[in-house]
Every structure is written in C-alpha cells, then in structure tokens.
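Some notes on the structure that comes next.
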Amino acid sequence: MSTNNTVTDSSAISDVEGESLYDADFPAPLIEAPRKRTGKTPKSTRGNFEMAAWLFMRLSGVVLVVLVIGHLIIQLVLDGGVSKIGFAFVAGRWASPFWQVWDLLMLWLAMLHGGNGLRTVINDYAERATTRLWLKGLLYTATVFTILLGSLVIFTFDPNIR
Amino acid sequence: MATPVLDKVEAESAASPYITVTFRIRRFNPEVSDEAQWQDFQIDIDPKERVLDGLHKIKWELDGSLTFRRSCAHGICGSDAMRINGRNRLACKTLIKDINPDKPITVEPIKGLTVQKDLIVDMEPFFQAYRDVMPFLVTSGNEPTRERLQSAEDRERFDDTTKCILCAACTSSCPVFWNDGQYFGPAAIVNAHRFIFDSRDEAAEQRLEILNDKDGVWRCRTTFNCTDACPRGIEVTKAIQEVKRALITRRF
C-alpha cells in the first residue's frame, strides 16, 4: 500500500466534524490475506510426500499405542514399579534382541511421529517464511540428533561398561 | 375515560408480533477508517422473519450505507453467507427466533478472506481454489448425440456434493484456511468430489493429483467445522475423507 497511509492516530471512529483520513480516492489500506491464493500461486510438485506423511501418522499411531502402553506398564507398573529401574534392569532387558527391537522401533516411530506432527503445527501456525524455515530446521536437527543418539546407544550398549 | 384507551393500547401491543431486536454489526469502511468497529441497530421485527430481513430493514430505513451481498434471498444463490452469532450461516435461511433475539445478534463478514466493506469480502481466492480443481465435465472421444446416461446408483454416489451453492460458509469456517489461505478449502474439495465420483467423468486422476498437493486434502484436520457450517447440509468432512480414501486406494 501507499506510504501515505501510515496512520499515527488509528482511532476507529471517524470524526464527523474534523477531516477524515480516508476518502473515496484514498481508501484505507486493505488487510491482505498473508499468502493469498491467486492464479499465480506456484503449483507445488511434491509428489506423494504429504500422503505418505498422513498415512505414516495413522499407522505409526496404531503401533505406538501398543509399544508405548506396553513400555509404560513394564517400566512403571509391573514388578515393583519405577523403583526397580536401574542400570542392571536396563542391561538385563537389552540382553534380549526382542526388547532391543521394541525400544528401537519405539524410538524411531515416536520421534518421526512427533516430528511430523510438529512439522504440521509449524506449517499451520508459522506465518512468515523465515520463521517457518528456522523452526523446521531446529525441529529436524533435534529429531535427527535424538534418533541417531538413541540408535547408537541401543546398538553399542555394553553391559560391562565402567 | 383514559382506562379503555390504555387497555386498547395494551391489547394491541400484546397482539403485535413485533419485538425489538438489537443487531450488532461489524462495520468496515476503507474510506473512513482502517479499522472495523461494532455498531448497534435496534429494530422492531417479527421474530419469524429472517436475519436478512433485519439487514434489509436497517439498510432501507436506518442506515443506507450498510453494505452486504444478497441475490436470490432464498438460500439458493449463496451470496449472503455471514458470521451470525459466531457461526457461519446464510442470512436468508436464519430465522430471528432461532438465534435468541433477547441478546444482541452479532453479524460479521466471513473470516479468512479480505474484507472490502462491511459484510463484503473478496471471494477471489475462494473461487481461484474452486477453478483449480477443474469443476467441469472432462471426457474424451466423440460427443454423443444423446444424453450421457448414468444409472441411479452412479448418480447417488456423488448426490450429496452436487448440492453445493459456493457460499463459502464451509471454507471460511475452516481453521486451516484461516491460517494462510493456501489450503484448497472444503468447498473446492466438495466440488472436486462431485466430478471425481461421477461415472461419466474421465479426469478423476487429474483432480486427485491436484488434491494430493501440499495444500490439498492432507491438510484437513477433520475438525468438522465445515459440516457444521454448511447451509445445505452437505457432509463436507465425509466428502473430504472419501477423496483421501480414493487417493490411497488408487495407489496401493
């Protein structure tokens, strides 16, 4: 909009006696939609990524219900609850490949599920392109870091560590 | 001597169907101010009349500068979708008695589109999304000399979505559309659905590809605002889910 329209006193009620700031030739600046859909809006060519992400959320959600609830019951309810958890307990569990796979699957699915959910939230709520870029950069870094670190621990776990 | 007169007045007012209703209208005039403000109008109106009749009364008798769209005024053209008491409705299909006339009735422009004046918004982004899904019959081969025949079951498949009047009540009630205006919006998807599931049409795959986009059906969060808002009773969210299902089943 025109620079002449920078209003200092933005009183909503027009002064009948005084001069109006705006008139037919010089209307108030319209509030544009942040990113208007027009004929020139670029067509996105992202293939089936959004569909894959949507499907992944549903499928991983179903699997995570089993994994996480099972995990919580084992860790917090059965056999003395949270007080039994120690280095020996974790070492004992990770001696079995079944629990290694369980924990690895839970780590990957939970991180990707949560990461994709946050990506959706950022897409929905971040208005400016730069905010979006930075938030997503932070999110992807944190996700990749946590997944890599967790996988490293599960694969290289040594119960005889000093 | 004064008593009979008083009695008569009282009896008359008891018989009169008119009640006093306050309309609280969101006014915006870019020639006066860059901010919108609420303005109250008190009118006497029969509660069996519609909100549109109230707006007419205000425009014709109280303030001629009140600006709003309406064409047929009978719920067919879809011009007068507005936010009445915080919900998107057609002013011509909303009776005063149904929306608690004891309290002020708030009337606002629909959200998510640029307000141009009072209750009028710029519908261009909405219609652009509509145009983007190719809302027309696409066929190949020679044009038949007779009608393109279709079984009753095939017609029934997309019957619900043929009822759309493009009033934008659904799209402008969608929080995903409010956010950045890039989402196709329920109305465009409903009108794509109408052709995707039409047995005579041959461009379903093309339309599905358009709606498979980043701003297509996958942005739907299933909040059901659109289904609640639709003045034609279209099951909008269901139609969107059917498009999602078609996208998945066609590829796997």
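So you can find residues: chains in the structure tokens are A, B, ... in the order shown, residues in each start at 1, and ligands are numbered from 1 in order.
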_Secondary structure check, strand (DSSP E or B) residues of segment 56-213 of chain B, as a ChimeraX atom specification_ = /B:81-84,87-90,95,105-108,115-117,120-121
Could you please take those selected residues and save C-alpha atoms as a tab-separated table (two decimals), in the first residue's frame?
chain	number	residue	atom	x	y	z
B	81	ALA	CA	-23.07	-16.21	3.88
B	82	MET	CA	-22.03	-14.31	7.01
B	83	ARG	CA	-20.97	-14.99	10.56
B	84	ILE	CA	-24.14	-14.65	12.66
B	87	ARG	CA	-21.39	-19.17	13.32
B	88	ASN	CA	-21.29	-19.13	9.54
B	89	ARG	CA	-24.84	-19.14	8.19
B	90	LEU	CA	-26.89	-17.82	5.32
B	95	LEU	CA	-34.83	-17.04	11.47
B	105	ILE	CA	-27.44	-10.58	17.28
B	106	THR	CA	-23.88	-10.21	16.04
B	107	VAL	CA	-23.33	-10.11	12.29
B	108	GLU	CA	-19.79	-10.23	10.88
B	115	VAL	CA	-12.94	-7.58	4.00
B	116	GLN	CA	-13.73	-4.95	1.39
B	117	LYS	CA	-16.61	-3.15	3.07
B	120	ILE	CA	-18.49	-7.91	1.82
B	121	VAL	CA	-15.30	-9.94	1.42
Please report, as a tab-separated table, each residue of segment 144-182 of chain B lying at most 8 Å from segment 194-208 of chain B, together with the nearest pair of atoms and the separation in Å rounded to one decimal; use only C-alpha atoms, and order rows by chain and ascending residue number.
residue	atom	partner	partner_atom	distance
B:Arg148	CA	B:Arg200	CA	7.2
B:Gln150	CA	B:Ser199	CA	7.3
B:Asp154	CA	B:Ser199	CA	6.3
B:Arg155	CA	B:Asp198	CA	7.1
B:Arg157	CA	B:Phe197	CA	6.6
B:Phe158	CA	B:Arg194	CA	5.4
B:Asp159	CA	B:Arg194	CA	7.7
B:Thr161	CA	B:Arg194	CA	5.4
B:Thr162	CA	B:Arg194	CA	6.0
*Near Thr143 of chain A, within 12 Å and counting only C-alpha atoms, which residues show up once chain neighbours fewer than 6 positions away are dropped, as a list in words?*
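Returned residues: Leu107, Trp108, Leu109, Ala110, Met111, Leu112, His113, Gly114, Gly115, Asn116, Gly117, Leu118, Arg119, Lys136, Gly137, Leu149 and Gly150 of chain A.
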*Among the residues of segment 13-227 of chain B, find those DSSP assigns to helix (DSSP H, G or I) from the backbone and print them as a count of residues only.*
75
Can you pull out the residues contacting Pro27 of chain A? Cut-off 10 Å, using only C-alpha atoms, and skip same-chain residues under 6 positions away; I want them as a compact mmCIF listing (two decimals) with C-alpha atoms, in the first residue's frame.
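Generated file (result_4.txt):
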# COMPACT_ATOMS: atom_id res chain seq x y z
CA ASN A 5 -1.31 5.67 4.53
CA LEU A 21 -8.11 10.42 6.98
CA ASN B 29 -15.43 1.37 5.56
CA PRO B 30 -12.00 1.86 3.99
CA GLU B 31 -12.97 5.41 3.04
CA VAL B 32 -13.36 6.35 6.70
CA SER B 33 -11.05 4.24 8.79
CA ASP B 34 -8.63 1.35 8.52
*Would you list which chain B residues are within 8 Å of chain A using only C-alpha atoms, as a ChimeraX atom specification?*
/B:30-37,112-116,124-126,128-129,176,179-182,212-214,218,248
Export of the given selection (N, CA and C atoms) as a CSV table (one decimal), in the first residue's frame:
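Saved the output as again_26.csv:
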chain,number,residue,atom,x,y,z
B,30,PRO,N,-13.4,1.4,4.2
B,30,PRO,CA,-12.0,1.9,4.0
B,30,PRO,C,-11.9,3.3,3.6
B,31,GLU,N,-13.0,4.0,3.4
B,31,GLU,CA,-13.0,5.4,3.0
B,31,GLU,C,-13.0,6.3,4.3
B,32,VAL,N,-13.3,5.6,5.4
B,32,VAL,CA,-13.4,6.4,6.7
B,32,VAL,C,-12.2,6.0,7.6
B,33,SER,N,-12.0,4.7,7.8
B,33,SER,CA,-11.0,4.2,8.8
B,33,SER,C,-10.4,2.9,8.3
B,34,ASP,N,-9.2,2.6,8.9
B,34,ASP,CA,-8.6,1.4,8.5
B,34,ASP,C,-9.0,0.3,9.5
B,35,GLU,N,-9.9,0.6,10.5
B,35,GLU,CA,-10.3,-0.4,11.5
B,35,GLU,C,-11.8,-0.7,11.4
B,36,ALA,N,-12.1,-1.9,11.7
B,36,ALA,CA,-13.5,-2.2,11.7
B,36,ALA,C,-14.0,-2.0,13.1
B,37,GLN,N,-15.3,-1.7,13.2
B,37,GLN,CA,-15.9,-1.5,14.6
B,37,GLN,C,-17.3,-2.0,14.6
B,112,GLY,N,-11.3,-15.2,7.1
B,112,GLY,CA,-10.2,-15.8,6.3
B,112,GLY,C,-10.1,-15.1,4.9
B,113,LEU,N,-11.1,-14.2,4.6
B,113,LEU,CA,-11.0,-13.5,3.3
B,113,LEU,C,-11.0,-12.0,3.6
B,114,THR,N,-10.3,-11.3,2.7
B,114,THR,CA,-10.1,-9.9,2.9
B,114,THR,C,-11.5,-9.1,2.9
B,115,VAL,N,-11.7,-8.4,4.0
B,115,VAL,CA,-12.9,-7.6,4.0
B,115,VAL,C,-12.8,-6.4,3.1
B,116,GLN,N,-13.8,-6.1,2.3
B,116,GLN,CA,-13.7,-4.9,1.4
B,116,GLN,C,-14.6,-3.8,1.9
B,124,GLU,N,-12.3,-13.8,-4.3
B,124,GLU,CA,-11.4,-14.3,-5.4
B,124,GLU,C,-10.6,-15.5,-5.0
B,125,PRO,N,-9.9,-15.4,-3.9
B,125,PRO,CA,-9.1,-16.6,-3.5
B,125,PRO,C,-9.9,-17.9,-3.4
B,126,PHE,N,-11.2,-17.7,-2.9
B,126,PHE,CA,-12.1,-18.8,-2.8
B,126,PHE,C,-12.4,-19.4,-4.2
B,128,GLN,N,-10.7,-19.0,-6.9
B,128,GLN,CA,-9.5,-19.5,-7.5
B,128,GLN,C,-9.3,-20.9,-7.1
B,129,ALA,N,-9.5,-21.2,-5.8
B,129,ALA,CA,-9.3,-22.6,-5.4
B,129,ALA,C,-10.3,-23.5,-6.1
B,176,VAL,N,-7.8,-24.2,9.2
B,176,VAL,CA,-6.6,-24.4,8.3
B,176,VAL,C,-6.7,-23.3,7.2
B,179,ASN,N,-5.6,-19.9,8.5
B,179,ASN,CA,-4.2,-19.7,8.8
B,179,ASN,C,-3.4,-19.0,7.7
B,180,ASP,N,-3.5,-19.6,6.4
B,180,ASP,CA,-2.7,-18.9,5.4
B,180,ASP,C,-3.4,-18.8,4.1
B,181,GLY,N,-4.6,-19.3,4.0
B,181,GLY,CA,-5.4,-19.1,2.8
B,181,GLY,C,-4.8,-19.9,1.6
B,182,GLN,N,-3.9,-20.9,1.8
B,182,GLN,CA,-3.3,-21.6,0.7
B,182,GLN,C,-4.1,-23.0,0.5
B,212,ASN,N,-3.8,-34.0,-4.1
B,212,ASN,CA,-2.7,-34.7,-3.4
B,212,ASN,C,-1.6,-33.7,-3.1
B,213,ASP,N,-1.8,-32.5,-3.5
B,213,ASP,CA,-0.8,-31.4,-3.3
B,213,ASP,C,-0.5,-31.1,-1.8
B,214,LYS,N,0.5,-30.4,-1.6
B,214,LYS,CA,0.8,-29.9,-0.2
B,214,LYS,C,-0.3,-29.2,0.4
B,218,TRP,N,-4.7,-33.4,2.4
B,218,TRP,CA,-3.9,-33.8,3.5
B,218,TRP,C,-3.8,-32.8,4.6
B,248,ILE,N,-5.6,-42.9,-1.6
B,248,ILE,CA,-4.9,-44.0,-1.0
B,248,ILE,C,-5.2,-45.3,-1.8
_Using only C-alpha atoms, can you tell me which of B:Thr171, B:Ser79, B:Asn142, B:Gln42 comes closest to Pro104 of chain B?_
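Closest candidate: B:Gln42.
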*Report the distance between atom CA of Val217 of chain B and atom CA of Ala91 of chain B in Å, rounded to one decimal place.*
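Separation of atom CA of Val217 of chain B and atom CA of Ala91 of chain B: 28.9 Å.
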*Spatial neighbours of Lys111 of chain B, 8 Å, only C-alpha atoms, chain gap at least 3 places, as a ChimeraX atom specification*: /B:83,172-173,178
